[in-house]
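Novice: Let me give you the structure first, and then I'll get to my questions.
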Amino acid sequence: MGLRASFTKAFPQGPTIQGEVDLALGSFSLTVLFGPSGCGKTTLLRCLAGLETPDRGAIRAADEVWFGPGPGVPASRRGIGYVFQDSVLFPHLTVAGNIAYGLQGLPREERHRRVAKLVELMGLRGLEDRRSRQLSGGQKQRVALARALAPRPRLVLLDEPFASLDRAAADLLRHNLRQILRALDVPAVLVTHDPVEALALGDRMLLMAEGRIVRDGPPASVLAGAGGVPGDQMGAVVRARVTGTTEGLLRLEAGGVAFVAPDPGGATPEVYACIRGEGVSLERGPHGLLTQRNRLRATITAMEPLGALTRVGLDAGFPLHALVTTWAAQDLDLAPGQEVHALIKASAIQVVPIEDSLGA
């Protein structure tokens, strides 16, 4: 049982969105819809939910035609939970009332049971009688997620649900999201343009650029080959082995190369090291005073002019990209095949634990 969509949605004097999606339904999975701002991620989500109408094509879920030949299925009957960037709670209702909003057709006892379960699961105990103005941003978004999950939807669509939260609230909700969805055994699609968020949460990634999906696969594999995606600032996504700690830093090894990164706590035996391209600088010849913590020998494999910036592809024992100013690339006379040193700030590396390495 699954959802299949193949449709086109055009906007006057704007982009044309080509939605080609195949999603499994019936059990937990988390698919990340990833790409730069403006590439069409939200439009694709809204078309699946029935909040936007495609111009042509079809959307089918199991044996139902949601959009296509015939009358289709309206948004209210598709069995989809939708969580927006902003919580959009009903201000006149309490926390419990917001969660129960979509349960009017159920007996009172079942409504109370479902609300109580979600209050517990979302960490909202003691807040049931509060109204939205009495809640923090993180609490509001947890209520919005609980409201979307209460009717037991076939699919949950999450449109950058952490975007409006401060970092602490976003980190807390992000940390709990997979556990919540797994506990309820519901599949979800999460929209984000944050690669670390995608790695931490996703089982599968659909990479979107210029209105269409250009790559599909495990998040690490997709990101590792995404160097040409507009707006992408990643220097590398590397699977690395943790070899120790020192002074608040993790010692890592990948491709026979050792380097260090800030220790986020809770590291697994293997991690993803996400290296920002703008945090990688290049040097040729003997070096002077070294202020960078990581200095890697590398060979230039490619150069891509991007106006004022140039993306430099590197082989440093693992694929790496540096994002340098074009005048710096010219000043250093960089060219493919040259040997250089890649200087990587430890602060430019973000570590994401890999859950499947715990049993390694």
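Letters A, B, ... mark the chains of the structure tokens in the order given; residue numbers begin at 1 per chain; ligand numbers begin at 1, in order shown.
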Could you name the residues that touch region 15-21 of chain A at 9 Å or less, counting only C-alpha atoms, but leaving out those on the same chain fewer than 2 positions away, as an MDAnalysis selection string?
Specialist: chainID A and resid 3:13 23 38:41 43:44 47 206 210:213
Novice: What's the 10 Å shell around Leu296 (chain A), counting only C-alpha atoms, without same-chain residues fewer than 6 positions away, as a PyMOL selection string?
Specialist: chain A and resi 257-259+282+315-317+340-344
Novice: Looking only at the backbone, which of the residues in region 50-87 of chain A does DSSP tag as strand (DSSP E), as a PyMOL selection string?
Specialist: chain A and resi 56-61+64-67+80-83
Novice: Keeping C-alpha atoms, export the residues of the selection given above as a PDB file, in the first residue's frame.
Specialist:
```pdb
ATOM      1  CA  ARG A  56      -2.420  18.074 -14.466  1.00  0.00           C
ATOM      2  CA  GLY A  57      -1.302  14.581 -13.526  1.00  0.00           C
ATOM      3  CA  ALA A  58      -2.508  12.226 -10.813  1.00  0.00           C
ATOM      4  CA  ILE A  59      -2.187  11.517  -7.098  1.00  0.00           C
ATOM      5  CA  ARG A  60      -3.258   8.069  -5.886  1.00  0.00           C
ATOM      6  CA  ALA A  61      -3.197   6.445  -2.444  1.00  0.00           C
ATOM      7  CA  GLU A  64      -8.130   5.948  -4.135  1.00  0.00           C
ATOM      8  CA  VAL A  65      -7.658   8.659  -6.756  1.00  0.00           C
ATOM      9  CA  TRP A  66      -6.976  11.826  -4.770  1.00  0.00           C
ATOM     10  CA  PHE A  67      -6.386  13.902  -7.890  1.00  0.00           C
ATOM     11  CA  ILE A  80      -3.289  13.485   6.203  1.00  0.00           C
ATOM     12  CA  GLY A  81      -1.941  15.355   9.199  1.00  0.00           C
ATOM     13  CA  TYR A  82      -0.238  18.653   8.335  1.00  0.00           C
ATOM     14  CA  VAL A  83       2.116  20.640  10.561  1.00  0.00           C
TER      15      VAL A  83
END
```
Novice: Using only C-alpha atoms, which residue out of A:Ala168, A:His193, A:Arg77, A:Val222 lies closest to Pro151 (chain A)?
Specialist: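 Nearest to Pro151 (chain A): A:Arg77.
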Novice: Just want the 10 Å neighbourhood of Asp194 (chain A), counted on only C-alpha atoms, with same-chain residues fewer than 6 positions away dropped. Output as a VMD selection string.
Specialist: chain A and resid 34 to 36 160 163 232
Novice: Could you work out how far CA of Ala116 (chain A) lies from CA of Ala188 (chain A), giving the answer in Å with one decimal?
Specialist: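 The value is 22.1 Å.
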Novice: Taking 4 positions as the minimum chain separation for residues in the same chain, which residues sit within 7 Å of region 174-179 of chain A when counting only C-alpha atoms? Answer as a PyMOL selection string.
Specialist: chain A and resi 170+183+201
Novice: Would you give me, as a PyMOL selection string, the residues in region 40-79 of chain A that DSSP reads as helix (DSSP H, G or I)?
Specialist: chain A and resi 41-49+75-77
Novice: Grab the residues selected above and save them as an mmCIF file, in the first residue's frame with C-alpha atoms.
Specialist:
```cif
data_model
loop_
_atom_site.group_PDB
_atom_site.id
_atom_site.type_symbol
_atom_site.label_atom_id
_atom_site.label_comp_id
_atom_site.auth_asym_id
_atom_site.auth_seq_id
_atom_site.Cartn_x
_atom_site.Cartn_y
_atom_site.Cartn_z
ATOM 1 C CA LYS A 41 9.151 21.745 -1.446
ATOM 2 C CA THR A 42 6.138 23.356 0.238
ATOM 3 C CA THR A 43 4.110 23.374 -2.989
ATOM 4 C CA LEU A 44 4.712 19.652 -3.434
ATOM 5 C CA LEU A 45 3.579 19.023 0.129
ATOM 6 C CA ARG A 46 0.455 21.187 -0.254
ATOM 7 C CA CYS A 47 -0.530 19.352 -3.429
ATOM 8 C CA LEU A 48 -0.250 15.986 -1.665
ATOM 9 C CA ALA A 49 -2.391 17.332 1.189
ATOM 10 C CA ALA A 75 -8.213 17.397 1.719
ATOM 11 C CA SER A 76 -10.542 16.639 4.634
ATOM 12 C CA ARG A 77 -10.892 12.988 3.558
#
```
Novice: Mind giving me the straight-line distance from CA of Glu253 (chain A) to CA of Ala335 (chain A) in Å, one decimal?
Specialist: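 Here the two named atoms are 27.3 Å from each other.
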Novice: Report as a PyMOL selection string all protein, DNA and RNA residues lying within 12 Å of Asp331 (chain A), evaluated on only C-alpha atoms, omitting residues in the same chain fewer than 6 positions from it.
Specialist: chain A and resi 282-284+324-325
Novice: Output the selection as a PDB file, in the first residue's frame - C-alpha atoms for each residue.
Specialist:
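Here's the written file result.pdb:
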```
ATOM      1  CA  LEU A 282      43.135  26.283   1.018  1.00  0.00           C
ATOM      2  CA  GLU A 283      46.883  26.782   1.150  1.00  0.00           C
ATOM      3  CA  ARG A 284      49.713  25.979  -1.236  1.00  0.00           C
ATOM      4  CA  VAL A 324      36.517  30.194  -1.501  1.00  0.00           C
ATOM      5  CA  THR A 325      36.377  33.670  -3.000  1.00  0.00           C
TER       6      THR A 325
END
```
Novice: Compare A:Val271, A:Leu121, A:Val260, A:Val88 by their minimum atom-to-atom distance to Pro161 (chain A), counting only C-alpha atoms, and give me the closest one.
Specialist: A:Val88
Novice: Show which residues sit within 7 Å of region 131-147 of chain A, as number ranges by chain. Count only C-alpha atoms, and ignore same-chain residues fewer than 2 positions away.
Specialist: A: 83, 87, 89, 91, 93-95, 98-100, 118, 122, 129, 149-150, 165, 169-170
